[in-house]
file run38.txt (compact mmCIF, N, CA and C atoms)
# COMPACT_ATOMS: atom_id res chain seq x y z
N MET A 1 0.84 -1.18 0.00
CA MET A 1 0.00 0.00 0.00
C MET A 1 0.88 1.24 0.00
N ILE A 2 0.61 2.14 -0.91
CA ILE A 2 1.39 3.37 -1.02
C ILE A 2 0.68 4.49 -0.26
N GLU A 3 1.45 5.17 0.55
CA GLU A 3 0.92 6.32 1.28
C GLU A 3 1.26 7.58 0.49
N LEU A 4 0.27 8.40 0.25
CA LEU A 4 0.43 9.61 -0.55
C LEU A 4 0.29 10.83 0.35
N LEU A 5 1.37 11.60 0.49
CA LEU A 5 1.36 12.80 1.31
C LEU A 5 1.45 14.02 0.41
N GLN A 6 0.94 15.15 0.89
CA GLN A 6 0.97 16.40 0.12
C GLN A 6 1.50 17.53 0.98
N THR A 7 2.34 18.36 0.40
CA THR A 7 2.77 19.55 1.11
C THR A 7 1.66 20.60 1.01
N PRO A 8 1.64 21.56 1.93
CA PRO A 8 0.64 22.64 1.84
C PRO A 8 0.73 23.40 0.52
N THR A 9 1.92 23.55 -0.02
CA THR A 9 2.10 24.23 -1.31
C THR A 9 1.37 23.48 -2.42
N PHE A 10 1.53 22.16 -2.44
CA PHE A 10 0.86 21.36 -3.45
C PHE A 10 -0.66 21.44 -3.27
N LYS A 11 -1.11 21.35 -2.04
CA LYS A 11 -2.56 21.40 -1.77
C LYS A 11 -3.17 22.70 -2.28
N ARG A 12 -2.49 23.82 -2.03
CA ARG A 12 -3.01 25.11 -2.49
C ARG A 12 -3.08 25.18 -4.01
N ALA A 13 -2.02 24.73 -4.66
CA ALA A 13 -1.99 24.77 -6.13
C ALA A 13 -3.06 23.84 -6.71
N TYR A 14 -3.23 22.67 -6.12
CA TYR A 14 -4.23 21.71 -6.60
C TYR A 14 -5.65 22.25 -6.43
N LYS A 15 -5.87 22.92 -5.31
CA LYS A 15 -7.19 23.47 -5.01
C LYS A 15 -7.61 24.54 -6.02
N LYS A 16 -6.64 25.26 -6.59
CA LYS A 16 -6.93 26.33 -7.54
C LYS A 16 -7.25 25.82 -8.94
N LEU A 17 -6.99 24.54 -9.19
CA LEU A 17 -7.22 23.98 -10.52
C LEU A 17 -8.70 23.77 -10.80
N ARG A 18 -9.06 23.83 -12.08
CA ARG A 18 -10.43 23.50 -12.49
C ARG A 18 -10.61 21.99 -12.45
N GLU A 19 -11.84 21.54 -12.52
CA GLU A 19 -12.14 20.11 -12.40
C GLU A 19 -11.45 19.29 -13.50
N ASN A 20 -11.49 19.77 -14.75
CA ASN A 20 -10.85 19.01 -15.83
C ASN A 20 -9.33 19.01 -15.68
N GLU A 21 -8.76 20.07 -15.11
CA GLU A 21 -7.32 20.11 -14.86
C GLU A 21 -6.96 19.15 -13.73
N ARG A 22 -7.80 19.06 -12.73
CA ARG A 22 -7.56 18.12 -11.63
C ARG A 22 -7.54 16.69 -12.13
N SER A 23 -8.41 16.38 -13.10
CA SER A 23 -8.43 15.01 -13.62
C SER A 23 -7.12 14.70 -14.35
N ASP A 24 -6.54 15.69 -15.06
CA ASP A 24 -5.23 15.49 -15.70
C ASP A 24 -4.15 15.24 -14.65
N VAL A 25 -4.19 16.01 -13.57
CA VAL A 25 -3.22 15.83 -12.49
C VAL A 25 -3.41 14.47 -11.83
N ASN A 26 -4.65 14.06 -11.63
CA ASN A 26 -4.92 12.76 -11.02
C ASN A 26 -4.38 11.62 -11.87
N VAL A 27 -4.48 11.75 -13.19
CA VAL A 27 -3.91 10.74 -14.09
C VAL A 27 -2.39 10.69 -13.91
N ALA A 28 -1.75 11.84 -13.82
CA ALA A 28 -0.30 11.90 -13.61
C ALA A 28 0.08 11.29 -12.27
N ILE A 29 -0.71 11.57 -11.23
CA ILE A 29 -0.42 11.00 -9.91
C ILE A 29 -0.56 9.49 -9.93
N ARG A 30 -1.59 8.98 -10.60
CA ARG A 30 -1.76 7.52 -10.72
C ARG A 30 -0.58 6.90 -11.44
N HIS A 31 -0.08 7.59 -12.47
CA HIS A 31 1.09 7.09 -13.19
C HIS A 31 2.30 7.02 -12.26
N ILE A 32 2.48 8.05 -11.44
CA ILE A 32 3.60 8.08 -10.48
C ILE A 32 3.44 6.96 -9.45
N ILE A 33 2.24 6.73 -8.99
CA ILE A 33 2.00 5.67 -8.00
C ILE A 33 2.35 4.31 -8.60
N ASN A 34 1.96 4.10 -9.85
CA ASN A 34 2.24 2.81 -10.51
C ASN A 34 3.71 2.65 -10.87
N LYS A 35 4.38 3.75 -11.16
CA LYS A 35 5.80 3.71 -11.54
C LYS A 35 6.52 4.89 -10.90
N PRO A 36 6.89 4.78 -9.61
CA PRO A 36 7.48 5.90 -8.88
C PRO A 36 8.78 6.45 -9.48
N GLU A 37 9.46 5.65 -10.29
CA GLU A 37 10.71 6.11 -10.90
C GLU A 37 10.46 6.90 -12.18
N ALA A 38 9.21 7.19 -12.50
CA ALA A 38 8.85 7.85 -13.77
C ALA A 38 9.43 9.25 -13.88
N GLY A 39 9.53 9.95 -12.79
CA GLY A 39 10.04 11.33 -12.83
C GLY A 39 11.55 11.37 -12.95
N GLU A 40 12.03 12.48 -13.49
CA GLU A 40 13.47 12.68 -13.64
C GLU A 40 14.07 13.04 -12.29
N LEU A 41 15.09 12.30 -11.88
CA LEU A 41 15.75 12.54 -10.59
C LEU A 41 16.66 13.74 -10.70
N LYS A 42 16.49 14.70 -9.81
CA LYS A 42 17.29 15.93 -9.82
C LYS A 42 18.52 15.78 -8.94
N THR A 43 19.50 16.65 -9.19
CA THR A 43 20.75 16.62 -8.43
C THR A 43 20.99 18.01 -7.85
N GLY A 44 22.08 18.16 -7.15
CA GLY A 44 22.45 19.46 -6.58
C GLY A 44 21.53 19.87 -5.45
N ASP A 45 21.03 21.10 -5.51
CA ASP A 45 20.15 21.62 -4.46
C ASP A 45 18.87 20.81 -4.32
N LEU A 46 18.45 20.19 -5.41
CA LEU A 46 17.19 19.44 -5.40
C LEU A 46 17.44 17.92 -5.38
N ALA A 47 18.54 17.51 -4.84
CA ALA A 47 18.86 16.08 -4.79
C ALA A 47 17.76 15.32 -4.06
N GLY A 48 17.34 14.22 -4.65
CA GLY A 48 16.30 13.40 -4.07
C GLY A 48 14.90 13.72 -4.57
N VAL A 49 14.76 14.85 -5.24
CA VAL A 49 13.46 15.25 -5.78
C VAL A 49 13.33 14.71 -7.20
N ARG A 50 12.17 14.22 -7.52
CA ARG A 50 11.87 13.78 -8.88
C ARG A 50 10.84 14.72 -9.48
N VAL A 51 10.95 14.96 -10.78
CA VAL A 51 10.00 15.83 -11.48
C VAL A 51 9.40 15.05 -12.64
N TYR A 52 8.08 14.92 -12.60
CA TYR A 52 7.35 14.23 -13.66
C TYR A 52 6.70 15.30 -14.54
N LYS A 53 6.88 15.18 -15.84
CA LYS A 53 6.34 16.16 -16.78
C LYS A 53 5.17 15.55 -17.54
N PHE A 54 4.10 16.34 -17.68
CA PHE A 54 2.94 15.90 -18.45
C PHE A 54 2.28 17.10 -19.09
N ARG A 55 1.33 16.85 -20.00
CA ARG A 55 0.69 17.92 -20.75
C ARG A 55 -0.70 18.20 -20.20
N MET A 56 -1.04 19.49 -20.14
CA MET A 56 -2.38 19.91 -19.76
C MET A 56 -2.69 21.15 -20.60
N HIS A 57 -3.74 21.11 -21.39
CA HIS A 57 -4.11 22.22 -22.26
C HIS A 57 -2.95 22.64 -23.16
N ASP A 58 -2.29 21.68 -23.78
CA ASP A 58 -1.16 21.94 -24.68
C ASP A 58 -0.03 22.70 -24.00
N GLN A 59 0.11 22.55 -22.71
CA GLN A 59 1.19 23.19 -21.97
C GLN A 59 1.84 22.14 -21.08
N GLN A 60 3.16 22.20 -21.01
CA GLN A 60 3.88 21.25 -20.17
C GLN A 60 3.76 21.65 -18.70
N ILE A 61 3.37 20.68 -17.87
CA ILE A 61 3.22 20.90 -16.43
C ILE A 61 4.24 20.01 -15.72
N LEU A 62 4.82 20.52 -14.67
CA LEU A 62 5.80 19.77 -13.89
C LEU A 62 5.21 19.44 -12.52
N LEU A 63 5.43 18.23 -12.09
CA LEU A 63 4.96 17.76 -10.79
C LEU A 63 6.16 17.24 -10.01
N ALA A 64 6.52 17.94 -8.94
CA ALA A 64 7.68 17.56 -8.13
C ALA A 64 7.22 16.67 -6.98
N TYR A 65 8.00 15.61 -6.74
CA TYR A 65 7.67 14.69 -5.66
C TYR A 65 8.93 14.00 -5.16
N GLU A 66 8.85 13.47 -3.97
CA GLU A 66 9.91 12.64 -3.41
C GLU A 66 9.34 11.25 -3.22
N TYR A 67 10.16 10.27 -3.48
CA TYR A 67 9.73 8.88 -3.34
C TYR A 67 10.64 8.18 -2.35
N ASP A 68 10.03 7.63 -1.33
CA ASP A 68 10.75 6.85 -0.33
C ASP A 68 10.47 5.39 -0.64
N TYR A 69 11.48 4.59 -0.65
CA TYR A 69 11.31 3.17 -1.01
C TYR A 69 10.49 2.40 0.01
N LYS A 70 10.05 3.08 1.05
CA LYS A 70 9.13 2.47 2.01
C LYS A 70 7.70 2.76 1.59
N THR A 71 7.51 3.00 0.30
CA THR A 71 6.21 3.23 -0.33
C THR A 71 5.51 4.49 0.16
N ILE A 72 6.25 5.57 0.27
CA ILE A 72 5.66 6.87 0.60
C ILE A 72 6.01 7.83 -0.53
N ILE A 73 5.00 8.50 -1.05
CA ILE A 73 5.21 9.51 -2.07
C ILE A 73 4.77 10.85 -1.50
N LEU A 74 5.65 11.83 -1.54
CA LEU A 74 5.36 13.18 -1.05
C LEU A 74 5.23 14.09 -2.25
N LEU A 75 4.01 14.56 -2.52
CA LEU A 75 3.78 15.50 -3.61
C LEU A 75 4.17 16.89 -3.12
N MET A 76 5.09 17.53 -3.82
CA MET A 76 5.66 18.77 -3.33
C MET A 76 5.15 20.02 -4.03
N ALA A 77 5.08 19.99 -5.35
CA ALA A 77 4.69 21.19 -6.09
C ALA A 77 4.20 20.81 -7.48
N ILE A 78 3.41 21.70 -8.06
CA ILE A 78 2.92 21.53 -9.42
C ILE A 78 2.89 22.90 -10.07
N GLY A 79 3.25 22.95 -11.34
CA GLY A 79 3.20 24.23 -12.04
C GLY A 79 3.88 24.18 -13.38
N VAL A 80 3.88 25.31 -14.07
CA VAL A 80 4.56 25.43 -15.35
C VAL A 80 6.06 25.61 -15.11
N HIS A 81 6.84 25.48 -16.16
CA HIS A 81 8.29 25.49 -16.03
C HIS A 81 8.84 26.82 -15.52
N GLU A 82 8.20 27.92 -15.89
CA GLU A 82 8.71 29.24 -15.52
C GLU A 82 8.81 29.38 -14.00
N ASN A 83 10.01 29.58 -13.51
CA ASN A 83 10.32 29.77 -12.08
C ASN A 83 10.01 28.54 -11.21
N PHE A 84 9.69 27.42 -11.81
CA PHE A 84 9.31 26.22 -11.05
C PHE A 84 10.46 25.76 -10.16
N TYR A 85 11.64 25.59 -10.74
CA TYR A 85 12.77 25.07 -9.98
C TYR A 85 13.26 26.09 -8.95
N ARG A 86 13.23 27.38 -9.29
CA ARG A 86 13.63 28.41 -8.34
C ARG A 86 12.71 28.38 -7.12
N ASP A 87 11.41 28.34 -7.37
CA ASP A 87 10.46 28.30 -6.26
C ASP A 87 10.60 27.01 -5.45
N LEU A 88 10.88 25.91 -6.13
CA LEU A 88 11.03 24.63 -5.44
C LEU A 88 12.24 24.66 -4.51
N LYS A 89 13.32 25.29 -4.94
CA LYS A 89 14.52 25.40 -4.10
C LYS A 89 14.24 26.25 -2.86
N ASN A 90 13.39 27.26 -3.01
CA ASN A 90 13.11 28.16 -1.89
C ASN A 90 12.19 27.54 -0.84
N ARG A 91 11.65 26.39 -1.09
CA ARG A 91 10.75 25.75 -0.12
C ARG A 91 11.52 24.89 0.83
call {"tool": "encode", "arguments": {"input": "run38.txt", "output": "structure tokens"}}
result
Amino acid sequence: MIELLQTPTFKRAYKKLRENERSDVNVAIRHIINKPEAGELKTGDLAGVRVYKFRMHDQQILLAYEYDYKTIILLMAIGVHENFYRDLKNR
């Protein structure tokens, strides 16, 4: 059983999405749950963070998460590429 945790930042961003956008995010989350290694593993300041990229309304969306091999996924942030990594580092 996989435990799915969310940071307050992710919760706020998710809450602002429209219903059809939430369904796109939910599909991406299900994909991550089924294959936790799907996201690109980051290095440096963001070591340990994975970023999964998917499309929503013809725009690339990034979903940052951490995966613990004890079956815990921490959803950290979601957004477009602009300033995404800068904001993620500041958290």
call {"tool": "select_by_dssp", "arguments": {"input": "run38.txt", "residues": "chain A", "states": "alpha helix (DSSP H)", "output": "MDAnalysis selection string"}}
result
chainID A and resid 8:15 19:34 84:89
call {"tool": "closest_residue", "arguments": {"input": "run38.txt", "among": "A:Leu62, A:Ile73, A:Ala47, A:Met56", "to": "Ile33 in chain A", "atoms": "all atoms listed in the file"}}
result
A:Ile73
call {"tool": "residues_around", "arguments": {"input": "run38.txt", "residues": "Tyr14 in chain A", "least_positions_apart": "4", "cutoff": "12 Å", "atoms": "only C-alpha atoms", "output": "count of residues only"}}
result
21
call {"tool": "closest_residue", "arguments": {"input": "run38.txt", "among": "A:Lys53, A:Lys70, A:His81, A:Lys15", "to": "Glu40 in chain A", "atoms": "only N, CA and C atoms"}}
result
A:Lys53
call {"tool": "closest_residue", "arguments": {"input": "run38.txt", "among": "A:Ile61, A:Arg55, A:Glu82, A:Tyr67", "to": "Glu37 in chain A", "atoms": "only N, CA and C atoms"}}
result
A:Tyr67
call {"tool": "atom_distance", "arguments": {"input": "run38.txt", "atom1": "atom C of Leu46 in chain A", "atom2": "atom C of Tyr85 in chain A"}}
result
9.8 Å
call {"tool": "atom_distance", "arguments": {"input": "run38.txt", "atom1": "CA of Lys11 in chain A", "atom2": "CA of Tyr69 in chain A"}}
result
22.9 Å
call {"tool": "closest_residue", "arguments": {"input": "run38.txt", "among": "A:Ala38, A:Leu88, A:Val49, A:Leu5", "to": "Glu66 in chain A", "atoms": "all atoms listed in the file"}}
result
A:Val49
call {"tool": "atom_distance", "arguments": {"input": "run38.txt", "atom1": "atom C of Lys89 in chain A", "atom2": "atom C of Asp45 in chain A"}}
result
7.3 Å
call {"tool": "closest_residue", "arguments": {"input": "run38.txt", "among": "A:Asn83, A:Gln60, A:Asn90, A:Thr71", "to": "Glu3 in chain A", "atoms": "only C-alpha atoms"}}
result
A:Thr71
call {"tool": "axis_aligned_box", "arguments": {"input": "run38.txt", "around": "range 40-46 of chain A", "padding_each_side": "4 Å", "output": "AutoDock Vina command-line options"}}
result
--center_x 17.2 --center_y 17.0 --center_z -9.0 --size_x 18.4 --size_y 17.3 --size_z 17.3
call {"tool": "select_by_dssp", "arguments": {"input": "run38.txt", "residues": "range 3-90 of chain A", "states": "strand (DSSP E)", "output": "count of residues only"}}
result
32
